[in-house]
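Asks: This one is work_13.txt, compact mmCIF, C-alpha atoms and all ligand atoms.
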```txt
# COMPACT_ATOMS: atom_id res chain seq x y z
CA MET A 1 68.26 125.38 -43.62
CA ASN A 2 71.57 124.94 -45.46
CA HIS A 3 71.99 122.91 -48.65
CA THR A 4 73.44 119.95 -46.76
CA ARG A 5 70.43 119.66 -44.43
CA LYS A 6 68.00 119.95 -47.36
CA LEU A 7 69.78 117.18 -49.25
CA GLN A 8 69.91 115.03 -46.14
CA ASN A 9 66.13 115.35 -45.78
CA ARG A 10 65.59 114.32 -49.39
CA PHE A 11 68.12 111.49 -48.98
CA GLU A 12 66.22 110.16 -45.98
CA SER A 13 62.94 110.15 -47.90
CA ALA A 14 64.26 108.59 -51.11
CA LEU A 15 67.11 106.24 -50.17
CA MET A 16 67.13 103.13 -48.00
CA ALA A 17 68.53 103.62 -44.54
CA ASN A 18 71.39 101.12 -44.93
CA TYR A 19 74.08 103.82 -44.86
CA GLY A 20 72.43 105.99 -42.25
CA THR A 21 72.44 109.65 -43.22
CA PRO A 22 75.95 110.77 -44.16
CA PRO A 23 77.09 113.97 -42.45
CA VAL A 24 78.62 115.61 -45.53
CA ALA A 25 77.04 116.14 -48.96
CA VAL A 26 80.00 116.30 -51.32
CA ALA A 27 79.73 118.45 -54.42
CA GLY A 28 83.15 118.01 -55.99
CA GLY A 29 86.81 117.38 -55.50
CA GLU A 30 90.26 117.93 -56.90
CA GLY A 31 93.41 116.12 -55.84
CA CYS A 32 93.07 115.21 -52.17
CA VAL A 33 90.52 117.95 -51.40
CA VAL A 34 86.74 117.74 -51.61
CA TRP A 35 84.13 120.42 -51.00
CA ASP A 36 80.55 120.12 -49.87
CA VAL A 37 77.33 121.66 -51.19
CA ASP A 38 77.68 124.55 -48.73
CA GLY A 39 81.25 125.31 -49.77
CA ALA A 40 83.16 123.77 -46.84
CA ARG A 41 86.45 122.15 -47.88
CA TYR A 42 87.97 118.97 -46.49
CA LEU A 43 91.25 117.11 -46.86
CA ASP A 44 90.06 113.66 -47.93
CA LEU A 45 92.01 111.12 -45.90
CA ILE A 46 89.52 108.32 -46.68
CA GLY A 47 89.78 108.48 -50.46
CA GLY A 48 86.33 107.01 -51.02
CA LEU A 49 87.29 103.96 -48.92
CA ALA A 50 90.70 103.39 -50.54
CA VAL A 51 89.17 103.78 -54.00
CA SER A 52 90.28 107.21 -55.22
CA ALA A 53 93.89 106.14 -55.69
CA LEU A 54 94.81 109.21 -57.73
CA GLY A 55 92.56 111.55 -55.78
CA HIS A 56 89.68 113.40 -57.37
CA ALA A 57 89.49 114.56 -60.99
CA HIS A 58 93.02 113.40 -61.78
CA PRO A 59 93.85 114.62 -65.30
CA ALA A 60 95.01 111.16 -66.42
CA VAL A 61 91.74 109.52 -65.38
CA VAL A 62 89.61 112.38 -66.73
CA ALA A 63 91.38 112.18 -70.10
CA ALA A 64 91.25 108.39 -70.37
CA VAL A 65 87.59 108.15 -69.38
CA SER A 66 86.54 111.06 -71.61
CA ARG A 67 88.34 109.61 -74.61
CA GLN A 68 86.91 106.14 -74.04
CA VAL A 69 83.33 107.23 -73.43
CA ARG A 70 83.41 109.08 -76.73
CA GLU A 71 84.68 106.00 -78.57
CA LEU A 72 82.85 103.13 -76.88
CA ALA A 73 81.23 103.09 -73.44
CA HIS A 74 79.74 99.62 -73.46
CA ILE A 75 79.49 96.65 -75.77
CA SER A 76 78.80 93.66 -73.42
CA ASN A 77 80.79 90.47 -73.28
CA LEU A 78 79.38 89.24 -76.56
CA TYR A 79 82.21 91.26 -78.11
CA LEU A 80 85.77 91.95 -77.08
CA HIS A 81 87.53 95.27 -76.81
CA GLU A 82 91.15 96.22 -76.48
CA PRO A 83 91.01 98.10 -73.13
CA ALA A 84 90.05 94.87 -71.32
CA VAL A 85 92.75 92.87 -73.05
CA ARG A 86 95.37 95.51 -72.29
CA LEU A 87 94.33 95.78 -68.66
CA ALA A 88 94.41 92.00 -68.16
CA GLU A 89 97.87 91.84 -69.74
CA ARG A 90 98.99 94.73 -67.57
CA LEU A 91 97.78 93.10 -64.34
CA LEU A 92 99.45 89.79 -65.19
CA GLY A 93 102.62 91.74 -65.95
CA LEU A 94 102.49 93.45 -62.55
CA LEU A 95 101.96 90.05 -60.94
CA ASP A 96 104.81 88.67 -63.00
CA ALA A 97 102.67 85.60 -63.53
CA ASP A 98 100.91 83.53 -66.11
CA GLY A 99 97.21 83.27 -65.64
CA ARG A 100 93.92 84.75 -66.72
CA VAL A 101 91.68 87.54 -65.53
CA PHE A 102 87.92 87.91 -65.08
CA PHE A 103 86.60 91.45 -64.74
CA ALA A 104 83.62 92.46 -62.65
CA ASN A 105 82.37 95.65 -61.01
CA SER A 106 82.87 95.34 -57.27
CA GLY A 107 84.96 93.63 -54.66
CA ALA A 108 82.11 91.34 -53.69
CA GLU A 109 81.64 90.27 -57.29
CA ALA A 110 85.35 89.49 -57.68
CA ASN A 111 85.13 87.29 -54.59
CA GLU A 112 81.99 85.59 -55.92
CA ALA A 113 83.98 84.71 -59.05
CA ALA A 114 86.81 83.39 -56.88
CA LEU A 115 84.32 81.28 -54.91
CA LYS A 116 82.85 79.78 -58.05
CA LEU A 117 86.32 79.07 -59.41
CA VAL A 118 87.30 77.39 -56.16
CA ARG A 119 84.10 75.33 -55.93
CA LYS A 120 84.40 74.13 -59.49
CA HIS A 121 88.05 73.21 -59.07
CA ALA A 122 87.48 71.45 -55.75
CA GLY A 123 84.48 69.33 -56.67
CA PRO A 124 82.43 67.43 -54.07
CA ASP A 125 85.39 65.93 -52.19
CA ARG A 126 86.44 69.29 -50.80
CA PRO A 127 83.23 70.65 -49.34
CA TYR A 128 84.45 73.49 -47.13
CA VAL A 129 86.48 76.69 -47.27
CA VAL A 130 88.35 78.47 -44.50
CA ALA A 131 88.24 82.21 -43.80
CA ALA A 132 89.24 84.44 -40.91
CA HIS A 133 87.28 85.95 -38.06
CA GLU A 134 86.89 89.71 -38.52
CA SER A 135 87.50 89.34 -42.25
CA PHE A 136 85.54 91.36 -44.80
CA HIS A 137 84.93 90.01 -48.28
CA GLY A 138 81.78 91.84 -49.37
CA ARG A 139 78.02 92.00 -48.88
CA THR A 140 76.59 89.62 -51.48
CA MET A 141 75.49 86.26 -50.11
CA GLY A 142 78.56 84.26 -51.14
CA ALA A 143 81.06 86.94 -50.11
CA LEU A 144 79.11 87.64 -46.93
CA GLY A 145 79.24 83.94 -46.12
CA LEU A 146 83.05 84.30 -46.08
CA THR A 147 82.93 87.43 -43.95
CA GLY A 148 83.84 86.82 -40.33
CA ARG A 149 81.99 89.69 -38.68
CA PRO A 150 78.88 88.56 -36.81
CA THR A 151 77.27 92.01 -36.72
CA ILE A 152 77.05 92.25 -40.49
CA ARG A 153 76.48 88.57 -41.35
CA ASP A 154 74.21 87.16 -38.67
CA PRO A 155 70.93 88.78 -39.81
CA PHE A 156 71.28 87.26 -43.28
CA GLY A 157 72.21 83.60 -42.80
CA PRO A 158 72.07 80.76 -43.50
CA PHE A 159 74.60 80.94 -46.34
CA GLY A 160 75.14 78.41 -49.08
CA GLY A 161 78.55 77.00 -48.36
CA ASP A 162 80.39 75.43 -45.45
CA VAL A 163 82.78 78.12 -44.21
CA ARG A 164 84.99 77.52 -41.18
CA PHE A 165 86.49 80.51 -39.42
CA VAL A 166 89.90 80.76 -37.77
CA SER A 167 91.60 83.56 -35.85
CA TYR A 168 93.50 85.84 -38.22
CA GLY A 169 97.26 85.53 -37.82
CA GLY A 170 97.36 82.16 -36.06
CA ALA A 171 99.32 79.77 -38.28
CA ASP A 172 98.81 76.74 -36.01
CA GLU A 173 95.06 77.26 -35.88
CA LEU A 174 95.02 77.58 -39.66
CA ALA A 175 97.00 74.36 -40.06
CA ALA A 176 94.55 72.56 -37.79
CA ALA A 177 91.56 73.82 -39.78
CA VAL A 178 92.80 72.89 -43.26
CA ASP A 179 92.86 69.30 -44.45
CA ALA A 180 92.45 67.39 -47.69
CA ARG A 181 88.70 68.18 -47.67
CA CYS A 182 89.31 71.93 -47.71
CA ALA A 183 88.75 73.65 -51.06
CA ALA A 184 90.42 76.97 -50.31
CA VAL A 185 91.66 79.43 -47.74
CA PHE A 186 90.46 83.02 -48.22
CA LEU A 187 92.59 85.70 -46.57
CA GLU A 188 93.23 89.42 -46.72
CA PRO A 189 97.01 90.06 -46.61
CA ILE A 190 96.18 92.86 -44.15
CA GLN A 191 92.63 92.98 -42.76
CA GLY A 192 91.07 96.29 -43.81
CA GLU A 193 87.62 96.58 -42.28
CA ALA A 194 88.89 94.91 -39.12
CA GLY A 195 90.92 98.10 -38.63
CA VAL A 196 93.99 97.78 -40.89
CA VAL A 197 95.38 94.77 -39.03
CA PRO A 198 98.58 93.21 -40.41
CA PRO A 199 99.20 89.55 -39.53
CA PRO A 200 102.38 88.49 -37.74
CA PRO A 201 105.38 88.16 -40.09
CA GLY A 202 105.44 84.79 -41.81
CA TYR A 203 101.67 84.21 -41.64
CA LEU A 204 101.04 84.37 -45.38
CA ARG A 205 104.01 82.13 -46.02
CA ALA A 206 102.65 79.64 -43.49
CA ALA A 207 99.25 79.81 -45.20
CA ARG A 208 100.94 79.10 -48.53
CA GLU A 209 102.71 76.06 -47.08
CA ILE A 210 99.52 74.76 -45.45
CA CYS A 211 97.69 75.04 -48.77
CA ASP A 212 100.52 73.35 -50.65
CA ALA A 213 100.55 70.48 -48.18
CA THR A 214 96.79 69.86 -48.39
CA GLY A 215 95.94 70.88 -51.95
CA ALA A 216 93.65 73.71 -50.84
CA LEU A 217 93.83 76.87 -52.96
CA LEU A 218 95.13 80.09 -51.45
CA VAL A 219 92.85 82.97 -52.37
CA LEU A 220 94.14 86.41 -51.41
CA ASP A 221 91.57 89.19 -51.24
CA GLU A 222 93.52 92.32 -52.18
CA VAL A 223 90.40 94.33 -52.89
CA GLN A 224 91.54 96.98 -50.41
CA SER A 225 95.28 96.27 -50.13
CA GLY A 226 96.13 95.99 -53.82
CA ILE A 227 97.28 98.44 -56.50
CA GLY A 228 99.82 100.40 -54.50
CA ARG A 229 97.96 101.00 -51.24
CA THR A 230 100.78 99.53 -49.13
CA GLY A 231 103.67 100.80 -51.26
CA ASP A 232 103.85 97.54 -53.22
CA TRP A 233 101.65 96.71 -56.18
CA PHE A 234 100.22 93.92 -54.05
CA ALA A 235 100.52 93.54 -50.28
CA HIS A 236 101.41 89.86 -50.55
CA ARG A 237 104.66 90.81 -52.32
CA ARG A 238 106.19 91.62 -48.97
CA GLU A 239 106.25 87.94 -47.97
CA GLY A 240 107.15 86.65 -51.41
CA VAL A 241 104.14 84.35 -51.53
CA ARG A 242 102.14 83.67 -54.65
CA PRO A 243 98.40 83.16 -54.34
CA ASP A 244 96.46 80.77 -56.56
CA VAL A 245 93.66 83.27 -56.95
CA LEU A 246 93.77 87.02 -56.33
CA THR A 247 90.94 89.53 -56.15
CA LEU A 248 91.29 93.26 -56.75
CA ALA A 249 88.84 96.14 -56.83
CA LYS A 250 88.80 99.35 -54.83
CA GLY A 251 91.86 101.31 -56.00
CA LEU A 252 91.98 99.66 -59.41
CA GLY A 253 89.60 101.97 -61.25
CA GLY A 254 90.57 105.22 -59.56
CA GLY A 255 86.89 105.89 -58.81
CA LEU A 256 85.27 103.95 -61.64
CA PRO A 257 83.73 100.61 -60.73
CA ILE A 258 85.89 97.70 -61.77
CA SER A 259 87.18 94.58 -60.06
CA ALA A 260 89.24 91.61 -61.11
CA CYS A 261 89.53 87.97 -60.17
CA VAL A 262 92.90 86.64 -61.31
CA GLY A 263 93.49 82.92 -61.59
CA LEU A 264 97.23 82.39 -61.56
CA GLY A 265 98.82 79.68 -63.68
CA ALA A 266 96.45 76.79 -64.37
CA TYR A 267 93.81 78.31 -62.07
CA GLY A 268 93.17 80.86 -64.80
CA SER A 269 91.66 78.07 -66.87
CA VAL A 270 89.18 76.60 -64.37
CA LEU A 271 86.24 78.69 -65.52
CA VAL A 272 85.36 77.98 -69.14
CA LYS A 273 82.78 79.19 -71.61
CA GLY A 274 79.38 79.57 -70.00
CA ASP A 275 80.62 79.24 -66.39
CA HIS A 276 80.35 82.87 -65.33
CA GLY A 277 79.65 86.37 -66.49
CA SER A 278 78.83 89.98 -65.70
CA THR A 279 77.08 92.28 -68.16
CA PHE A 280 78.87 95.43 -67.05
CA GLY A 281 82.07 93.70 -65.93
CA GLY A 282 85.22 95.08 -67.49
CA ASN A 283 83.42 97.68 -69.56
CA PRO A 284 85.69 99.82 -71.76
CA VAL A 285 85.37 103.00 -69.67
CA SER A 286 86.31 101.34 -66.39
CA CYS A 287 89.18 99.50 -68.08
CA ALA A 288 90.47 102.77 -69.53
CA ALA A 289 90.34 104.33 -66.07
CA ALA A 290 92.22 101.39 -64.56
CA LEU A 291 94.90 101.55 -67.24
CA ALA A 292 95.34 105.26 -66.47
CA VAL A 293 95.65 104.47 -62.75
CA VAL A 294 98.26 101.78 -63.27
CA ASP A 295 100.23 103.86 -65.79
CA THR A 296 100.19 106.92 -63.53
CA ILE A 297 101.32 104.98 -60.45
CA GLU A 298 104.23 103.69 -62.49
CA ARG A 299 105.09 106.94 -64.32
CA ASP A 300 104.96 109.09 -61.20
CA GLY A 301 106.84 106.66 -58.97
CA LEU A 302 103.90 106.49 -56.60
CA LEU A 303 104.87 103.18 -54.97
CA VAL A 304 108.00 104.79 -53.56
CA HIS A 305 105.99 107.87 -52.60
CA VAL A 306 103.38 105.78 -50.79
CA ALA A 307 106.04 103.99 -48.74
CA GLU A 308 107.75 107.27 -47.79
CA ALA A 309 104.58 109.26 -47.20
CA GLY A 310 103.08 106.44 -45.15
CA LYS A 311 106.13 106.39 -42.91
CA VAL A 312 106.10 110.17 -42.46
CA LEU A 313 102.39 110.04 -41.63
CA ALA A 314 102.72 107.22 -39.10
CA ASP A 315 105.88 108.60 -37.50
CA GLY A 316 104.32 112.05 -37.32
CA ILE A 317 101.29 110.75 -35.43
CA ARG A 318 103.40 108.57 -33.14
CA GLY A 319 105.72 111.52 -32.49
CA LEU A 320 102.82 113.49 -30.98
CA GLU A 321 102.87 111.04 -28.06
CA HIS A 322 99.27 111.92 -27.43
CA PRO A 323 97.64 110.08 -24.52
CA LEU A 324 94.62 109.11 -26.68
CA VAL A 325 96.85 107.39 -29.27
CA ALA A 326 97.84 103.82 -28.40
CA GLU A 327 99.58 102.98 -31.67
CA VAL A 328 99.55 103.51 -35.43
CA ARG A 329 99.02 100.32 -37.42
CA GLY A 330 99.26 99.47 -41.08
CA ARG A 331 101.52 99.96 -44.06
CA GLY A 332 102.00 102.59 -46.74
CA LEU A 333 99.12 105.05 -47.03
CA TRP A 334 96.80 102.68 -45.22
CA ARG A 335 96.80 103.24 -41.48
CA ALA A 336 94.73 102.95 -38.36
CA ILE A 337 95.22 105.31 -35.46
CA VAL A 338 94.45 103.02 -32.55
CA LEU A 339 92.98 104.91 -29.63
CA THR A 340 93.26 104.19 -25.93
CA GLU A 341 89.48 104.68 -25.61
CA ARG A 342 86.48 103.73 -27.69
CA CYS A 343 86.05 107.24 -29.05
CA ALA A 344 86.78 106.83 -32.77
CA ALA A 345 83.39 108.24 -33.80
CA ALA A 346 84.04 111.37 -31.76
CA VAL A 347 87.50 111.73 -33.33
CA GLU A 348 85.95 111.35 -36.79
CA GLY A 349 83.49 114.15 -35.97
CA ALA A 350 86.10 116.47 -34.48
CA ALA A 351 88.38 115.88 -37.47
CA ARG A 352 85.52 116.71 -39.83
CA ASP A 353 84.85 119.95 -37.97
CA ALA A 354 88.53 120.77 -38.44
CA GLY A 355 88.37 120.01 -42.19
CA PHE A 356 89.65 116.41 -42.37
CA LEU A 357 87.73 113.34 -43.53
CA VAL A 358 88.79 110.23 -41.60
CA ASN A 359 86.89 107.03 -40.85
CA ALA A 360 86.00 105.44 -37.51
CA VAL A 361 86.56 101.91 -38.80
CA ARG A 362 86.25 100.39 -35.30
CA PRO A 363 85.08 101.91 -32.01
CA ASP A 364 88.72 102.39 -31.03
CA ALA A 365 90.40 102.85 -34.43
CA VAL A 366 90.41 105.64 -37.01
CA ARG A 367 91.28 104.59 -40.54
CA LEU A 368 93.30 106.67 -43.00
CA SER A 369 93.29 105.50 -46.63
CA PRO A 370 93.99 108.71 -48.54
CA PRO A 371 94.73 109.07 -52.25
CA LEU A 372 98.19 107.72 -53.08
CA ILE A 373 99.16 111.23 -54.26
CA LEU A 374 98.78 112.73 -50.75
CA SER A 375 101.57 115.32 -50.42
CA PHE A 376 104.00 115.75 -47.54
CA GLU A 377 102.49 119.19 -46.96
CA GLU A 378 99.01 117.69 -46.65
CA ILE A 379 100.37 115.12 -44.21
CA ARG A 380 101.93 117.91 -42.16
CA SER A 381 98.65 119.83 -42.05
CA PHE A 382 96.85 116.79 -40.63
CA VAL A 383 99.51 115.87 -38.10
CA THR A 384 99.67 119.49 -36.95
CA ALA A 385 95.91 119.66 -36.47
CA LEU A 386 95.58 116.26 -34.78
CA PRO A 387 96.42 117.30 -31.18
CA SER A 388 93.62 119.87 -31.16
CA VAL A 389 91.24 117.35 -32.82
CA LEU A 390 92.05 114.79 -30.13
CA GLY A 391 91.86 117.50 -27.46
CA ARG A 392 88.37 118.43 -28.57
CA THR A 393 87.42 114.76 -28.52
CA ALA A 394 88.62 114.46 -24.93
CA GLU A 395 86.76 117.63 -23.95
CA ALA A 396 83.54 116.44 -25.56
CA ARG A 397 83.80 113.15 -23.66
CA ALA A 398 84.52 114.92 -20.39
CA GLY A 399 81.46 117.12 -20.99
CA ALA A 400 79.32 114.05 -21.64
CA LEU A 401 80.29 112.35 -18.38
C1 LIG V 501 85.62 96.55 -49.64
C2 LIG V 501 86.06 95.14 -49.64
C3 LIG V 501 85.33 94.14 -50.31
C4 LIG V 501 83.98 94.41 -50.95
O1 LIG V 501 84.07 95.30 -52.00
P1 LIG V 501 82.72 95.93 -52.61
O2 LIG V 501 83.19 96.68 -53.81
O3 LIG V 501 82.12 96.80 -51.55
O4 LIG V 501 81.83 94.80 -52.96
C5 LIG V 501 85.84 92.87 -50.34
N1 LIG V 501 87.01 92.57 -49.74
C6 LIG V 501 87.75 93.50 -49.10
C7 LIG V 501 89.05 93.11 -48.48
C8 LIG V 501 87.29 94.81 -49.01
O5 LIG V 501 88.00 95.72 -48.34
```
In structure tokens, what does this structure look like?
Ligand SMILES: *Cc1c(COP(=O)(O)O)cnc(C)c1O
Replies:
Amino acid sequence: MNHTRKLQNRFESALMANYGTPPVAVAGGEGCVVWDVDGARYLDLIGGLAVSALGHAHPAVVAAVSRQVRELAHISNLYLHEPAVRLAERLLGLLDADGRVFFANSGAEANEAALKLVRKHAGPDRPYVVAAHESFHGRTMGALGLTGRPTIRDPFGPFGGDVRFVSYGGADELAAAVDARCAAVFLEPIQGEAGVVPPPPGYLRAAREICDATGALLVLDEVQSGIGRTGDWFAHRREGVRPDVLTLAKGLGGGLPISACVGLGAYGSVLVKGDHGSTFGGNPVSCAAALAVVDTIERDGLLVHVAEAGKVLADGIRGLEHPLVAEVRGRGLWRAIVLTERCAAAVEGAARDAGFLVNAVRPDAVRLSPPLILSFEEIRSFVTALPSVLGRTAEARAGAL
């Protein structure tokens, strides 16, 4: 029995089954490469679900975290510390906005903060919020209540609030759903877990106008799309809209757990002393990591790199003109290879056998959300290997018939 199988057996005995048993037991990583406990190496094109923005063991993150953990790892929110203040200032600077920031540890927690902010601001006269079908906002009860995917929400209802769901991308349907009794509209600028689905051009702007006309707040969930993933600091930049509330998480800490709920302008002042909290939220080590991520993206010109590399990646896959590939969706280094058949799991497996980690985000879509430092050479290696990966997928399916 190899080391992977042994660890899988122990995993199955000791951990809950909510993740299934993962096929790879990762021992370490550097840059965009990880290796498993048996020594196999993989090009990591998932990046820990769009989290490892600078790849693995990036020197800037290692240095910042090491320095901070030696000085002060945790102090709680009874006391303040400079890393949190600097990070909040930095995020507001990137947003080019006034406002205030609340730090938490996960995407779901950032959305819970946004929900509380919205509920408090709205009061009893605005009893409902609007979210999109196929959206994903997290697994805690409030965030799950906003999540428009029946398979992951239905076993856990009922949820606390009145949430009304609309089709993502339909401005008319959104307008019809939002009136003066609506507290807020929660949207992802591009839907991630739905399979990296961008809305039609103009949708976010329409949402902004609908909210302005009715007094509902526009909450943009940039947990997956933010911090450079699309080639902009924030995906909503592309349409020039400004949210009232913004949530961030995944890529922000470069692998350390940190999330943020930003209230822009006056919405930064809705929550006051005693309204909310998180013991670990915005701890010094995670803030130091996030500052290193933001500084490195800026210093190394990674936004431009992400835009260019994303285009090369998408064009390279499209250029294969492979019969299993219907289209390549998404923006920057955040893509879905949409397949002509529901064989994404088989593609994920064949890619893994060939040394590439990708994610079957939907039955017919394979997600790529690699580190933002992915090189052109690494892109070439994947695009070159893809025809044989897809060929093996087709063969395996033919064999199964
Ligand atoms: C991943 C994700 C979340 C949840 O983040 P967690 O850290 O898993 O709680 C929320 N919203 C979006 C858009 C996400 O992609």
Asks: Rank nothing, just name the residue among A:Val241, A:Leu248, A:Ala394, A:Leu333 nearest to ligand LIG 501 (chain V), using all atoms listed in the file.
Replies: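 When distances to ligand LIG 501 (chain V) are compared using all atoms listed in the file, the smallest one comes from A:Leu248.
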Asks: For Leu264 (chain A), work out the shell of residues within 6 Å, counting only C-alpha atoms and skipping chain neighbours fewer than 2 positions away, then give it as a PyMOL selection string.
Replies: chain A and resi 98-99+244-245+267-268
Asks: Could you please take those selected residues and save C-alpha atoms as a compact mmCIF listing (two decimals), in the coordinates of the input?
Replies:
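File result-v5.txt, as written:
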```txt
# COMPACT_ATOMS: atom_id res chain seq x y z
CA ASP A 98 100.91 83.53 -66.11
CA GLY A 99 97.21 83.27 -65.64
CA ASP A 244 96.46 80.77 -56.56
CA VAL A 245 93.66 83.27 -56.95
CA TYR A 267 93.81 78.31 -62.07
CA GLY A 268 93.17 80.86 -64.80
```
Asks: Within 8 Å of ligand LIG 501 (chain V), which residues show up when you count all atoms listed in the file? List them as number ranges by chain, please.
Replies: A: 49, 105-111, 135-140, 143, 188, 191-193, 221-225, 249-250, 257, 259
Asks: Between A:Gly319, A:Ala183, A:Ala97, A:His56, single out the one closest to Trp35 (chain A), counting all atoms listed in the file.
Replies: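 Once distances to Trp35 (chain A) are computed over all atoms listed in the file, the minimum belongs to A:His56.
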Asks: Restricting the calculation to only C-alpha atoms: of A:Val285, A:Val130, A:Ile337, A:Ala73, which residue gets closest to Ile317 (chain A)?
Replies: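 Of the candidates, the smallest distance to Ile317 (chain A) is held by A:Ile337.
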Asks: Measuring between only C-alpha atoms, which one of A:Val304, A:Ala350, A:Val33, A:Ala336 shows the shortest distance to Asp364 (chain A)?
Replies: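 When distances to Asp364 (chain A) are compared using only C-alpha atoms, the smallest one comes from A:Ala336.
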Asks: By how many Å are CA of Gly169 (chain A) and CA of Val325 (chain A) apart?
Replies: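 Calculated distance between CA of Gly169 (chain A) and CA of Val325 (chain A) is 23.5 Å.
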Asks: Please list as a PyMOL selection string every residue within 8 Å of region 370-378 of chain A, counting only C-alpha atoms and excluding residues in the same chain fewer than 4 positions away.
Replies: chain A and resi 31-32+43-47+50-55+228-229+302+305-306+309+312+333-334+382
Asks: Within 7 Å of Asp36 (chain A), counting all atoms listed in the file, which residues qualify if same-chain residues fewer than 2 places away don't, as a list in words?
Replies: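 Listed by chain and then number, they are Val24, Ala25, Val26, Ala27, Gly28, Val34, Asp38, Gly39, Ala40 and Arg41 of chain A.
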Asks: A:Leu94, A:Ala132, A:Val383, A:Ala235: which is nearest Leu187 (chain A), counting only C-alpha atoms?
Replies: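 For Leu187 (chain A), the nearest of the candidates is A:Ala132.
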Asks: Would you mind reading off the distance between CA of Gly281 (chain A) and CA of Ser66 (chain A), one decimal, in Å?
Replies: 18.8 Å
Asks: My list of candidates is A:Gly253, A:Gly215, A:Pro199, A:Pro23. Which is closest to Val185 (chain A) when distances are computed with all atoms listed in the file?
Replies: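 Result for the nearest residue to Val185 (chain A): A:Gly215.
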Asks: Hey, what's within 8 Å of region 5-9 of chain A if we count all atoms listed in the file and toss same-chain stuff fewer than 3 positions away? As an mmCIF file with C-alpha atoms, in the coordinates of the input, please?
Replies:
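Result file selection.cif:
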```cif
data_model
loop_
_atom_site.group_PDB
_atom_site.id
_atom_site.type_symbol
_atom_site.label_atom_id
_atom_site.label_comp_id
_atom_site.auth_asym_id
_atom_site.auth_seq_id
_atom_site.Cartn_x
_atom_site.Cartn_y
_atom_site.Cartn_z
ATOM 1 C CA MET A 1 68.260 125.380 -43.620
ATOM 2 C CA ASN A 2 71.570 124.940 -45.460
ATOM 3 C CA GLU A 12 66.220 110.160 -45.980
ATOM 4 C CA SER A 13 62.940 110.150 -47.900
ATOM 5 C CA THR A 21 72.440 109.650 -43.220
ATOM 6 C CA PRO A 22 75.950 110.770 -44.160
ATOM 7 C CA ALA A 25 77.040 116.140 -48.960
#
```
Asks: Do you know which residues are at most 9 Å from His133 (chain A) counting all atoms listed in the file, after dropping those on the same chain fewer than 2 positions away, and could you put them as a PyMOL selection string?
Replies: chain A and resi 131+135-136+147-150+165-168
Asks: Expressed in Å to a single decimal, how great is the separation between CA of Ala64 (chain A) and CA of Ser278 (chain A)?
Replies: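 CA of Ser278 (chain A) lies at a distance of 22.7 Å from CA of Ala64 (chain A).
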Asks: Using all atoms listed in the file - which residues lie no farther than 9 Å from the point (82.3, 69.6, -40.8) in the file's frame? Write them as a count of residues only.
Replies: 4
Asks: Model the absent atoms of region 282-293 of chain A so that N, CA and C atoms are present, and write the result as a PDB file, in the coordinates of the input.
Replies:
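Wrote it out as result20.pdb, contents follow:
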```
ATOM      1  N   GLY A 282      84.133  94.764 -66.578  1.00  0.00           N
ATOM      2  CA  GLY A 282      85.220  95.080 -67.490  1.00  0.00           C
ATOM      3  C   GLY A 282      84.784  95.916 -68.674  1.00  0.00           C
ATOM      4  N   ASN A 283      83.850  96.834 -68.435  1.00  0.00           N
ATOM      5  CA  ASN A 283      83.420  97.680 -69.560  1.00  0.00           C
ATOM      6  C   ASN A 283      84.558  98.605 -69.982  1.00  0.00           C
ATOM      7  N   PRO A 284      84.545  99.072 -71.228  1.00  0.00           N
ATOM      8  CA  PRO A 284      85.690  99.820 -71.760  1.00  0.00           C
ATOM      9  C   PRO A 284      86.052 101.053 -70.935  1.00  0.00           C
ATOM     10  N   VAL A 285      85.056 101.757 -70.399  1.00  0.00           N
ATOM     11  CA  VAL A 285      85.370 103.000 -69.670  1.00  0.00           C
ATOM     12  C   VAL A 285      86.116 102.698 -68.374  1.00  0.00           C
ATOM     13  N   SER A 286      85.633 101.692 -67.643  1.00  0.00           N
ATOM     14  CA  SER A 286      86.310 101.340 -66.390  1.00  0.00           C
ATOM     15  C   SER A 286      87.709 100.785 -66.661  1.00  0.00           C
ATOM     16  N   CYS A 287      87.851 100.025 -67.735  1.00  0.00           N
ATOM     17  CA  CYS A 287      89.180  99.500 -68.080  1.00  0.00           C
ATOM     18  C   CYS A 287      90.137 100.634 -68.438  1.00  0.00           C
ATOM     19  N   ALA A 288      89.630 101.627 -69.172  1.00  0.00           N
ATOM     20  CA  ALA A 288      90.470 102.770 -69.530  1.00  0.00           C
ATOM     21  C   ALA A 288      90.915 103.517 -68.284  1.00  0.00           C
ATOM     22  N   ALA A 289      89.993 103.668 -67.328  1.00  0.00           N
ATOM     23  CA  ALA A 289      90.340 104.330 -66.070  1.00  0.00           C
ATOM     24  C   ALA A 289      91.421 103.543 -65.335  1.00  0.00           C
ATOM     25  N   ALA A 290      91.254 102.232 -65.277  1.00  0.00           N
ATOM     26  CA  ALA A 290      92.220 101.390 -64.560  1.00  0.00           C
ATOM     27  C   ALA A 290      93.595 101.444 -65.221  1.00  0.00           C
ATOM     28  N   LEU A 291      93.613 101.440 -66.546  1.00  0.00           N
ATOM     29  CA  LEU A 291      94.900 101.550 -67.240  1.00  0.00           C
ATOM     30  C   LEU A 291      95.572 102.884 -66.909  1.00  0.00           C
ATOM     31  N   ALA A 292      94.773 103.948 -66.823  1.00  0.00           N
ATOM     32  CA  ALA A 292      95.340 105.260 -66.470  1.00  0.00           C
ATOM     33  C   ALA A 292      95.887 105.244 -65.045  1.00  0.00           C
ATOM     34  N   VAL A 293      95.178 104.556 -64.140  1.00  0.00           N
ATOM     35  CA  VAL A 293      95.650 104.470 -62.750  1.00  0.00           C
ATOM     36  C   VAL A 293      96.991 103.748 -62.692  1.00  0.00           C
TER      37      VAL A 293
END
```
